[in-house]
>>> print(open('input_26.cif').read())   # mmCIF, C-alpha atoms and all ligand atoms
data_entry
#
loop_
_atom_site.label_atom_id
_atom_site.label_comp_id
_atom_site.auth_asym_id
_atom_site.auth_seq_id
_atom_site.Cartn_x
_atom_site.Cartn_y
_atom_site.Cartn_z
CA MET A 20 116.20 41.60 -64.89
CA LYS A 21 117.19 37.92 -65.28
CA ARG A 22 114.54 35.41 -66.29
CA LEU A 23 114.00 31.77 -65.34
CA LEU A 24 112.03 29.03 -67.09
CA VAL A 25 111.21 25.78 -65.24
CA GLN A 26 110.14 22.75 -67.24
CA SER A 27 109.10 19.83 -65.01
CA PHE A 28 108.70 16.25 -66.22
CA GLY A 29 107.17 13.39 -64.25
CA CYS A 30 105.27 13.37 -60.98
CA GLN A 31 103.56 16.00 -58.84
CA MET A 32 106.57 16.01 -56.49
CA ASN A 33 108.61 17.34 -59.41
CA VAL A 34 106.08 20.09 -60.06
CA TYR A 35 106.37 21.01 -56.38
CA ASP A 36 110.18 20.95 -56.44
CA GLY A 37 110.06 23.11 -59.58
CA GLU A 38 108.03 25.66 -57.62
CA LEU A 39 110.57 25.59 -54.76
CA MET A 40 113.43 26.24 -57.16
CA ALA A 41 111.47 29.02 -58.87
CA SER A 42 110.88 30.52 -55.40
CA ALA A 43 114.63 30.59 -54.75
CA PHE A 44 115.35 32.25 -58.10
CA ARG A 45 112.64 34.83 -57.51
CA LYS A 46 114.18 35.66 -54.14
CA ALA A 47 117.45 36.23 -56.00
CA GLY A 48 115.74 38.78 -58.27
CA TYR A 49 114.72 36.61 -61.21
CA THR A 50 111.34 36.84 -62.94
CA LEU A 51 109.62 33.92 -64.63
CA ALA A 52 109.83 33.50 -68.40
CA SER A 53 107.17 31.67 -70.37
CA GLU A 54 109.27 30.85 -73.46
CA PRO A 55 112.74 29.24 -73.65
CA GLU A 56 113.85 32.04 -76.00
CA ALA A 57 113.15 34.62 -73.28
CA ALA A 58 115.01 32.81 -70.47
CA ASP A 59 118.49 33.37 -69.03
CA VAL A 60 118.30 30.13 -67.03
CA ILE A 61 116.33 27.03 -68.04
CA LEU A 62 115.76 24.33 -65.42
CA ILE A 63 114.78 20.90 -66.72
CA ASN A 64 113.39 19.05 -63.72
CA THR A 65 113.52 15.38 -64.64
CA CYS A 66 112.01 11.98 -63.85
CA ALA A 67 113.88 8.65 -63.77
CA VAL A 68 111.00 6.28 -63.14
CA ARG A 69 111.01 4.98 -66.73
CA GLU A 70 113.64 4.80 -69.43
CA ARG A 71 111.31 6.55 -71.86
CA ALA A 72 111.06 9.57 -69.56
CA GLU A 73 114.85 9.86 -69.56
CA GLU A 74 115.16 9.55 -73.33
CA LYS A 75 112.53 12.28 -73.67
CA VAL A 76 114.75 14.58 -71.61
CA PHE A 77 117.78 13.87 -73.81
CA SER A 78 115.72 14.73 -76.94
CA HIS A 79 114.53 17.90 -75.25
CA LEU A 80 118.10 18.83 -74.32
CA GLY A 81 119.08 18.28 -77.95
CA ARG A 82 116.56 20.93 -78.98
CA LEU A 83 117.78 23.36 -76.28
CA ARG A 84 121.35 22.90 -77.46
CA ARG A 85 120.48 24.80 -80.65
CA LEU A 86 119.08 27.62 -78.53
CA LYS A 87 122.28 27.69 -76.48
CA GLU A 88 124.35 27.90 -79.65
CA ARG A 89 122.44 31.05 -80.57
CA ASN A 90 122.57 32.38 -76.99
CA PRO A 91 125.83 31.24 -75.31
CA GLY A 92 124.95 33.13 -72.09
CA LEU A 93 121.97 30.83 -71.49
CA VAL A 94 122.43 28.59 -68.43
CA LEU A 95 120.98 25.09 -68.86
CA ALA A 96 120.36 23.15 -65.65
CA VAL A 97 119.18 19.57 -65.27
CA THR A 98 117.67 18.75 -61.88
CA GLY A 99 115.54 15.98 -60.35
CA CYS A 100 115.72 12.19 -60.21
CA MET A 101 117.45 11.67 -63.54
CA ALA A 102 120.16 14.16 -62.55
CA GLU A 103 120.62 12.27 -59.26
CA ARG A 104 120.77 8.87 -61.01
CA MET A 105 122.96 9.65 -64.00
CA GLY A 106 124.63 13.02 -63.47
CA LYS A 107 127.93 11.95 -65.04
CA GLU A 108 126.23 10.39 -68.05
CA ILE A 109 124.31 13.63 -68.63
CA SER A 110 127.64 15.51 -68.65
CA ARG A 111 128.98 13.02 -71.18
CA ARG A 112 125.95 12.89 -73.49
CA ALA A 113 125.04 16.57 -73.18
CA PRO A 114 128.29 18.40 -72.35
CA TYR A 115 126.60 21.75 -73.02
CA VAL A 116 124.51 21.33 -69.82
CA ASP A 117 125.88 23.82 -67.26
CA VAL A 118 124.33 22.64 -63.98
CA ILE A 119 123.38 19.17 -62.77
CA ALA A 120 121.63 19.08 -59.39
CA GLY A 121 120.00 15.91 -58.06
CA ALA A 122 116.58 15.41 -56.47
CA ARG A 123 118.16 15.44 -52.98
CA SER A 124 120.70 18.17 -53.55
CA PHE A 125 119.10 21.08 -55.38
CA GLY A 126 119.03 23.37 -52.32
CA GLY A 127 121.85 25.52 -53.70
CA ILE A 128 120.51 25.71 -57.24
CA VAL A 129 120.65 29.51 -57.51
CA GLY A 130 124.30 29.64 -56.39
CA LEU A 131 125.20 26.97 -58.93
CA ALA A 132 123.52 28.85 -61.80
CA GLU A 133 125.09 32.14 -60.70
CA ALA A 134 128.54 30.51 -60.54
CA VAL A 135 128.13 29.45 -64.18
CA ARG A 136 127.07 32.97 -65.14
CA GLU A 137 130.17 34.32 -63.44
CA GLY A 138 132.39 32.02 -65.51
CA ALA A 139 133.14 29.26 -63.00
CA GLY A 140 132.26 26.53 -65.53
CA ALA A 141 129.93 23.56 -65.18
CA GLN A 142 128.57 22.73 -61.71
CA ILE A 143 127.48 19.35 -60.37
CA SER A 144 125.62 18.77 -57.10
CA ILE A 145 124.57 15.15 -56.56
CA GLY A 146 124.79 12.38 -53.97
CA PHE A 147 124.14 14.31 -50.77
CA ASP A 148 121.17 15.82 -48.94
CA SER A 149 120.73 19.57 -48.90
CA PRO A 150 117.62 21.26 -47.50
CA PRO A 151 115.31 22.38 -50.32
CA PRO A 152 114.72 26.12 -50.78
CA ASP A 153 111.93 27.83 -48.83
CA ARG A 154 108.65 28.14 -50.63
CA ASP A 155 107.30 31.43 -51.90
CA VAL A 156 103.58 30.52 -51.95
CA THR A 157 102.89 33.05 -54.69
CA VAL A 158 105.04 31.01 -57.11
CA ARG A 159 102.70 28.33 -58.44
CA SER A 160 101.02 27.34 -61.67
CA ASP A 161 97.44 27.24 -60.37
CA PRO A 162 95.88 30.11 -58.40
CA HIS A 163 93.41 27.88 -56.54
CA ARG A 164 95.08 24.50 -56.11
CA ALA A 165 98.46 23.63 -54.63
CA PHE A 166 100.65 20.67 -53.71
CA ILE A 167 102.63 20.37 -50.49
CA ALA A 168 105.36 17.75 -50.01
CA VAL A 169 104.96 16.37 -46.49
CA SER A 170 107.94 14.05 -46.78
CA ARG A 171 110.70 13.11 -49.16
CA GLY A 172 112.14 9.73 -50.04
CA CYS A 173 110.84 6.26 -49.30
CA ASP A 174 111.85 3.42 -46.99
CA HIS A 175 110.13 0.72 -49.03
CA ARG A 176 112.23 -1.26 -51.45
CA CYS A 177 109.83 -2.23 -54.22
CA THR A 178 112.11 -4.15 -56.55
CA PHE A 179 111.22 -2.19 -59.69
CA CYS A 180 111.51 1.28 -58.17
CA ILE A 181 114.34 3.78 -58.59
CA VAL A 182 112.89 6.30 -56.12
CA PRO A 183 114.71 5.06 -52.97
CA ALA A 184 117.99 5.43 -54.90
CA THR A 185 117.24 8.90 -56.25
CA ARG A 186 115.36 10.45 -53.33
CA GLY A 187 116.86 8.52 -50.41
CA ARG A 188 115.32 7.49 -47.09
CA GLU A 189 111.99 8.92 -46.02
CA LYS A 190 112.22 12.21 -44.18
CA GLY A 191 109.07 13.90 -42.90
CA ARG A 192 108.61 17.63 -42.40
CA PRO A 193 107.36 19.01 -39.07
CA LEU A 194 103.58 19.04 -38.85
CA SER A 195 103.52 22.65 -37.64
CA GLU A 196 105.54 23.74 -40.70
CA LEU A 197 103.10 21.97 -43.02
CA GLU A 198 100.08 23.47 -41.32
CA ALA A 199 101.66 26.92 -41.62
CA GLU A 200 102.29 26.34 -45.33
CA VAL A 201 98.62 25.46 -45.83
CA ARG A 202 97.64 28.68 -44.02
CA ARG A 203 99.92 30.78 -46.22
CA LEU A 204 98.59 29.15 -49.39
CA VAL A 205 94.97 29.64 -48.34
CA ALA A 206 95.68 33.29 -47.50
CA ASP A 207 96.97 33.60 -51.08
CA GLY A 208 93.78 32.21 -52.64
CA VAL A 209 94.28 28.45 -52.62
CA VAL A 210 91.11 26.45 -51.92
CA GLU A 211 92.33 22.90 -52.57
CA VAL A 212 95.52 21.39 -51.17
CA THR A 213 96.99 18.02 -52.09
CA LEU A 214 99.48 16.61 -49.59
CA LEU A 215 102.26 14.72 -51.34
CA GLY A 216 104.49 11.91 -50.25
CA GLN A 217 106.15 9.05 -52.08
CA ASN A 218 104.41 6.95 -49.44
CA ILE A 219 102.10 9.39 -47.69
CA ASP A 220 100.64 6.84 -45.28
CA SER A 221 103.95 6.45 -43.51
CA TYR A 222 104.26 10.20 -42.90
CA GLY A 223 105.40 10.74 -39.33
CA LYS A 224 107.44 7.57 -38.86
CA ASP A 225 110.53 9.70 -38.19
CA ARG A 226 108.59 12.45 -36.42
CA PRO A 227 107.66 12.75 -32.73
CA GLU A 228 104.52 11.12 -31.32
CA GLY A 229 101.38 12.91 -32.51
CA GLU A 230 102.73 13.71 -35.96
CA ASP A 231 101.32 11.24 -38.44
CA LEU A 232 98.97 11.45 -41.40
CA HIS A 233 95.87 11.28 -39.22
CA TYR A 234 96.98 14.28 -37.11
CA LEU A 235 98.22 16.12 -40.17
CA LEU A 236 94.88 15.75 -41.95
CA ARG A 237 93.06 16.97 -38.84
CA ALA A 238 95.38 20.00 -38.52
CA CYS A 239 95.09 20.98 -42.20
CA HIS A 240 91.35 20.47 -42.10
CA GLU A 241 91.09 23.12 -39.39
CA VAL A 242 92.57 25.82 -41.64
CA GLU A 243 89.84 28.36 -42.25
CA GLY A 244 89.20 29.07 -45.92
CA LEU A 245 90.49 25.72 -47.15
CA LYS A 246 87.69 23.99 -49.02
CA ARG A 247 89.18 20.70 -50.18
CA LEU A 248 91.95 18.44 -48.97
CA ARG A 249 93.53 15.46 -50.77
CA PHE A 250 96.59 13.27 -50.32
CA VAL A 251 98.70 10.98 -52.56
CA THR A 252 100.24 8.37 -52.90
CA SER A 253 99.01 5.63 -50.57
CA HIS A 254 100.53 2.25 -49.83
CA PRO A 255 98.26 -0.65 -48.82
CA GLU A 256 100.74 -1.92 -46.24
CA ASP A 257 100.85 1.39 -44.37
CA MET A 258 97.23 2.52 -44.62
CA GLN A 259 95.76 3.24 -41.17
CA LEU A 260 92.07 2.76 -40.40
CA GLU A 261 92.08 6.16 -38.65
CA VAL A 262 92.99 7.79 -41.96
CA LEU A 263 90.12 5.99 -43.69
CA ASP A 264 87.88 7.35 -40.91
CA ASP A 265 89.21 10.85 -41.63
CA LEU A 266 88.47 10.45 -45.34
CA ALA A 267 84.87 9.61 -44.54
CA GLN A 268 84.31 12.01 -41.65
CA LEU A 269 86.15 15.26 -42.39
CA PRO A 270 83.92 17.37 -44.65
CA LYS A 271 86.80 18.98 -46.56
CA MET A 272 88.45 15.63 -47.34
CA CYS A 273 87.85 14.44 -50.88
CA GLY A 274 86.77 10.80 -50.89
CA ALA A 275 89.42 9.66 -53.33
CA LEU A 276 92.31 7.30 -52.70
CA HIS A 277 95.22 6.82 -55.07
CA ILE A 278 96.48 3.47 -53.87
CA PRO A 279 98.49 1.58 -56.48
CA PRO A 280 98.05 -2.20 -56.48
CA GLN A 281 100.74 -2.56 -59.21
CA SER A 282 99.54 -6.13 -59.85
CA GLY A 283 96.62 -8.39 -58.93
CA SER A 284 98.79 -11.50 -58.70
CA ASN A 285 100.28 -12.56 -55.38
CA GLY A 286 103.25 -14.15 -57.15
CA VAL A 287 104.09 -10.89 -58.94
CA LEU A 288 103.47 -8.79 -55.81
CA LYS A 289 105.94 -10.99 -53.95
CA ARG A 290 108.60 -10.53 -56.63
CA MET A 291 107.90 -6.79 -56.56
CA ALA A 292 108.41 -6.90 -52.75
CA ARG A 293 105.31 -4.79 -52.31
CA GLY A 294 104.68 -6.22 -48.84
CA TYR A 295 100.97 -7.06 -49.28
CA THR A 296 98.78 -9.57 -51.01
CA ARG A 297 95.83 -9.14 -53.35
CA GLU A 298 93.60 -10.06 -50.39
CA ARG A 299 95.10 -7.33 -48.18
CA TYR A 300 94.70 -4.82 -50.99
CA LEU A 301 91.03 -5.71 -51.37
CA GLU A 302 90.58 -5.49 -47.60
CA VAL A 303 91.87 -1.89 -47.59
CA VAL A 304 89.50 -0.95 -50.43
CA HIS A 305 86.67 -2.69 -48.59
CA GLU A 306 87.41 -0.75 -45.37
CA PHE A 307 87.47 2.51 -47.35
CA ARG A 308 84.19 1.86 -49.14
CA LYS A 309 82.55 0.58 -45.93
CA ARG A 310 83.11 4.07 -44.54
CA ASP A 311 82.45 5.94 -47.78
CA PRO A 312 80.37 3.93 -50.28
CA GLN A 313 80.88 6.66 -52.93
CA GLY A 314 84.64 6.70 -52.35
CA GLU A 315 86.75 6.51 -55.50
CA VAL A 316 89.96 4.54 -55.87
CA ALA A 317 92.67 5.17 -58.47
CA ALA A 318 95.34 2.64 -59.42
CA ASP A 319 98.78 2.22 -60.90
CA PHE A 320 99.54 -1.08 -62.64
CA ILE A 321 102.78 -2.39 -64.06
CA VAL A 322 102.31 -4.94 -66.85
CA GLY A 323 105.01 -7.32 -68.04
CA PHE A 324 106.95 -7.48 -64.77
CA PRO A 325 109.58 -10.26 -64.96
CA GLY A 326 107.94 -13.66 -64.80
CA GLU A 327 104.40 -12.29 -65.25
CA THR A 328 102.43 -15.12 -66.87
CA ASP A 329 99.10 -14.83 -68.69
CA GLU A 330 97.43 -16.11 -65.51
CA ASP A 331 99.22 -13.48 -63.41
CA PHE A 332 98.10 -10.78 -65.79
CA GLU A 333 94.50 -12.03 -65.70
CA GLN A 334 94.63 -11.43 -61.95
CA SER A 335 95.32 -7.74 -62.63
CA VAL A 336 92.34 -7.60 -64.99
CA THR A 337 90.03 -9.23 -62.45
CA LEU A 338 91.31 -6.91 -59.69
CA LEU A 339 90.53 -3.90 -61.86
CA GLU A 340 87.05 -5.25 -62.55
CA GLU A 341 86.42 -6.11 -58.92
CA VAL A 342 87.55 -2.78 -57.46
CA ARG A 343 86.14 -0.74 -60.36
CA PHE A 344 88.79 1.94 -60.23
CA GLN A 345 87.94 5.52 -61.07
CA GLN A 346 91.18 5.66 -63.07
CA SER A 347 94.16 3.41 -63.74
CA PHE A 348 97.63 4.52 -64.75
CA ILE A 349 99.13 1.58 -66.63
CA PHE A 350 102.84 1.21 -67.32
CA ARG A 351 104.88 -1.37 -69.17
CA TYR A 352 107.72 -2.68 -67.04
CA SER A 353 111.13 -1.34 -67.99
CA PRO A 354 114.15 -2.31 -65.88
CA ARG A 355 115.80 0.59 -64.10
CA PRO A 356 119.55 0.27 -63.67
CA GLY A 357 120.58 -0.67 -60.14
CA THR A 358 117.12 -1.70 -58.94
CA PRO A 359 116.72 -5.20 -57.44
CA SER A 360 114.47 -6.35 -60.29
CA GLU A 361 117.04 -5.25 -62.85
CA LYS A 362 119.81 -7.04 -60.98
CA HIS A 363 118.01 -10.26 -60.11
CA PHE A 364 115.27 -10.90 -62.67
CA GLU A 365 115.35 -11.33 -66.40
CA ASP A 366 113.16 -8.88 -68.32
CA ASP A 367 111.52 -11.90 -69.96
CA VAL A 368 108.12 -10.64 -71.10
CA PRO A 369 108.38 -9.74 -74.80
CA LEU A 370 107.63 -6.16 -75.74
CA ALA A 371 104.66 -7.19 -77.90
CA VAL A 372 103.14 -9.07 -74.95
CA LYS A 373 103.64 -6.04 -72.68
CA ALA A 374 101.95 -3.84 -75.29
CA ALA A 375 99.01 -6.24 -75.65
CA ARG A 376 98.54 -6.46 -71.87
CA ASN A 377 98.78 -2.69 -71.56
CA LEU A 378 96.05 -2.28 -74.16
CA ARG A 379 93.85 -4.97 -72.64
CA LEU A 380 94.01 -3.36 -69.19
CA LEU A 381 93.35 0.07 -70.69
CA LYS A 382 90.27 -1.28 -72.44
CA ALA A 383 89.06 -2.90 -69.22
CA GLN A 384 89.47 0.44 -67.40
CA GLU A 385 87.73 2.27 -70.22
CA ARG A 386 84.75 -0.07 -69.88
CA VAL A 387 84.61 0.43 -66.11
CA SER A 388 84.98 4.23 -66.45
CA LYS A 389 82.18 4.37 -69.00
CA GLU A 390 79.84 2.37 -66.77
CA LYS A 391 80.71 4.49 -63.75
CA HIS A 392 80.17 7.69 -65.71
CA GLU A 393 76.84 6.48 -67.12
CA ALA A 394 75.66 5.78 -63.59
CA MET A 395 76.42 9.43 -62.70
CA ILE A 396 74.06 10.86 -65.35
CA GLY A 397 71.19 12.77 -63.74
CA ARG A 398 73.03 13.17 -60.43
CA THR A 399 74.49 16.42 -59.07
CA PHE A 400 78.11 16.77 -57.92
CA GLU A 401 80.20 19.47 -56.31
CA VAL A 402 82.88 20.59 -58.76
CA LEU A 403 85.92 22.77 -58.14
CA VAL A 404 86.24 24.90 -61.28
CA GLU A 405 89.77 24.73 -62.68
CA GLY A 406 89.28 27.09 -65.64
CA PRO A 407 88.12 27.06 -69.25
CA SER A 408 88.22 23.75 -71.08
CA LYS A 409 91.12 23.30 -73.50
CA LYS A 410 88.80 22.71 -76.44
CA ASP A 411 86.15 25.38 -75.86
CA PRO A 412 86.73 28.58 -73.84
CA ALA A 413 82.96 28.94 -73.25
CA VAL A 414 83.00 25.66 -71.35
CA LEU A 415 84.48 25.31 -67.86
CA THR A 416 86.36 22.31 -66.54
CA GLY A 417 86.42 21.09 -62.98
CA ARG A 418 86.77 18.03 -60.83
CA THR A 419 84.36 16.26 -58.54
CA ARG A 420 85.54 15.18 -55.10
CA GLY A 421 86.06 11.72 -56.58
CA ASN A 422 88.38 13.21 -59.24
CA HIS A 423 86.02 12.86 -62.20
CA ILE A 424 86.52 15.57 -64.83
CA LEU A 425 83.31 17.49 -65.49
CA HIS A 426 82.79 20.05 -68.29
CA PHE A 427 79.90 22.52 -68.23
CA PRO A 428 79.01 25.89 -69.75
CA GLY A 429 79.74 28.80 -67.43
CA ALA A 430 81.40 32.16 -66.96
CA GLU A 431 85.11 32.53 -66.31
CA ASP A 432 84.53 34.22 -62.94
CA LEU A 433 83.57 30.81 -61.50
CA HIS A 434 87.26 29.82 -61.66
CA GLY A 435 88.26 28.58 -58.20
CA GLU A 436 84.64 28.26 -57.03
CA LEU A 437 82.82 25.17 -55.84
CA VAL A 438 79.78 24.71 -58.07
CA GLU A 439 76.97 22.12 -58.03
CA VAL A 440 76.74 20.57 -61.48
CA THR A 441 74.21 18.03 -62.78
CA VAL A 442 75.66 15.43 -65.14
CA GLU A 443 73.91 15.12 -68.49
CA SER A 444 76.20 13.03 -70.66
CA CYS A 445 79.57 11.32 -70.58
CA SER A 446 82.44 9.59 -72.30
CA PRO A 447 84.84 7.13 -70.63
CA VAL A 448 87.19 10.06 -69.96
CA SER A 449 84.93 12.84 -68.72
CA LEU A 450 81.43 14.05 -67.89
CA ARG A 451 79.39 16.92 -69.27
CA GLY A 452 76.71 18.78 -67.37
CA ARG A 453 74.95 21.96 -66.43
CA VAL A 454 75.00 24.12 -63.27
CA ALA A 455 72.32 22.67 -61.01
CA GLY A 456 69.11 24.51 -60.26
S1 LIG B 501 106.47 2.59 -52.12
FE1 LIG B 501 107.65 1.35 -53.59
S2 LIG B 501 107.00 2.18 -55.59
FE2 LIG B 501 106.44 3.73 -54.06
S3 LIG B 501 108.21 5.12 -53.99
FE3 LIG B 501 108.51 3.58 -52.37
S4 LIG B 501 109.79 2.01 -53.32
FE4 LIG B 501 108.91 3.24 -54.99
#
>>> encode(input="input_26.cif", output="structure tokens", more="lines below")
Ligand code: SF4
Amino acid sequence: MKRLLVQSFGCQMNVYDGELMASAFRKAGYTLASEPEAADVILINTCAVRERAEEKVFSHLGRLRRLKERNPGLVLAVTGCMAERMGKEISRRAPYVDVIAGARSFGGIVGLAEAVREGAGAQISIGFDSPPPDRDVTVRSDPHRAFIAVSRGCDHRCTFCIVPATRGREKGRPLSELEAEVRRLVADGVVEVTLLGQNIDSYGKDRPEGEDLHYLLRACHEVEGLKRLRFVTSHPEDMQLEVLDDLAQLPKMCGALHIPPQSGSNGVLKRMARGYTRERYLEVVHEFRKRDPQGEVAADFIVGFPGETDEDFEQSVTLLEEVRFQQSFIFRYSPRPGTPSEKHFEDDVPLAVKAARNLRLLKAQERVSKEKHEAMIGRTFEVLVEGPSKKDPAVLTGRTRGNHILHFPGAEDLHGELVEVTVESCSPVSLRGRVAG
């Protein structure tokens, strides 16, 4: 029996693609290995959004090279956005890699790995679209939660972003196919589904009338047995009021929006070509909270974008403080080869300034998170139990609808259940509590 190990770096879309590839290998008779030493094929599913992520993959490949020297029959495959962006460079820097298959062209991944095993030499599949493998819903890392990609690619052209180059134009999947996938997942024990799209709010733009995010949410919501529904990632320019209505009105929808502002400065937003202003961003948040006053908003920020002045950066700090995000993912700008910002702007913010701004924004978020968490003490929240906490197996970990992490003592058989938990204490990162009543 041949064994496969998938190691995914980067975003949730990569985790999902990893599961699709694992599904295809399982169909071909492979089982899943948990250790590199036990695998016949290792898939490294990569991310190209930041230079650091790519360098991490090269270091990882360096470690796997030693394993391949001991086990020459091992097939090493690099897939995902980094493979799409720099396939030839991977062959040059890591010539021991057997298969390179890009984020748009991994549909034939099993055939490529098998060709290597049969002695056909290294295989490269990049630069074209091939349909991804069908999903085997039983292949997933979490028994109760699952992701579903509703579309691939993105038609925006944010100047810093490599995604349009690696994943291509946006292409939505048929609504009926998505609904059927939710049904199959729920039948297999899933209670929470997160719909994924690089820009989920524009889902349906290439689909027939009646297939957009609003209709998709309504269709998924109807699936019996599903308990929670989420979607990521939103774009302020494409957010529809109907979807905000759905978030507030559909009982299974979790009132949490991940809607990256990237910056609070209109000058920076313009250079990023984000297509909205700070005022428009705040208007979307206002419309969301008007419908759901408890609604939580999560952010992505880039600090040190070309030309970002101290005043520009202060605008990001004040935006964070005004919106009071539940969570902020903060990144230092790093130019990605071939993107408009790399071609047209000088990376002129010194590294030390980027680091200081990163820290300052993190601290601001930490303060906001602490205050938000303190205000939750004494209140009771519905939590989906994800399993034992990493630090203490007698303590369970789950998430509220607003995505707050809550730890509480409880028995393992609550895994996958919705439990009412009263918050008793907190840190900026998480909450602690006790089962209510
Ligand atoms: S919306 Fe912008 S940042 Fe997001 S994937 Fe598309 S181009 Fe990249």
>>> atom_distance(input="input_26.cif", atom1="atom CA of A:Leu266", atom2="atom CA of A:Thr441")
23.8 Å
>>> residues_around(input="input_26.cif", residues="A:Ala267", least_positions_apart="6", cutoff="9 Å", atoms="all atoms listed in the file", output="list in words")
Cys273, Gly274, Phe307, Arg310, Asp311 and Gly314 of chain A
>>> residues_around(input="input_26.cif", residues="stretch 72-85 of chain A", least_positions_apart="2", cutoff="10 Å", atoms="all atoms listed in the file", output="JSON, numbers by chain")
{"A": [28, 29, 55, 56, 61, 63, 64, 65, 66, 67, 68, 69, 70, 87, 88, 89, 90, 91, 93, 95, 96, 97, 100, 101, 102, 105, 109, 112, 113, 114, 115, 116]}
>>> residues_around(input="input_26.cif", residues="A:Val387", least_positions_apart="3", cutoff="9 Å", atoms="all atoms listed in the file", output="PyMOL selection string")
chain A and resi 339-340+343-346+382-384+390-392+447
>>> closest_residue(input="input_26.cif", among="A:Asp319, A:Glu401, A:Glu133, A:Glu306", to="ligand LIG 501 (chain B)", atoms="all atoms listed in the file")
A:Asp319
>>> closest_residue(input="input_26.cif", among="A:Ala317, A:Ala375, A:Ala165, A:Leu381", to="A:Val336", atoms="all atoms listed in the file")
A:Leu381
>>> residues_near_ligand(input="input_26.cif", ligand="ligand LIG 501 (chain B)", cutoff="12 Å", atoms="only C-alpha atoms and all ligand atoms", output="JSON, numbers by chain")
{"A": [30, 32, 67, 68, 170, 171, 172, 173, 174, 175, 176, 177, 178, 179, 180, 181, 182, 183, 184, 185, 186, 187, 188, 189, 215, 216, 217, 218, 219, 220, 221, 251, 252, 253, 254, 255, 256, 257, 258, 277, 278, 279, 280, 281, 282, 288, 291, 292, 293, 294, 295, 319, 320, 321, 355, 358, 359, 360]}
>>> residues_around(input="input_26.cif", residues="stretch 134-142 of chain A", least_positions_apart="6", cutoff="8 Å", atoms="only C-alpha atoms", output="list of chain:residue names")
A:Gly92, A:Val94, A:Val116, A:Asp117, A:Val118, A:Ile119
>>> atom_distance(input="input_26.cif", atom1="atom CA of A:Thr399", atom2="atom CA of A:Arg237")
27.5 Å
>>> atom_distance(input="input_26.cif", atom1="atom CA of A:Leu214", atom2="atom CA of A:Val34")
12.9 Å
>>> closest_residue(input="input_26.cif", among="A:Thr337, A:Lys190, A:Thr213, A:Val448", to="A:Gln31", atoms="all atoms listed in the file")
A:Thr213
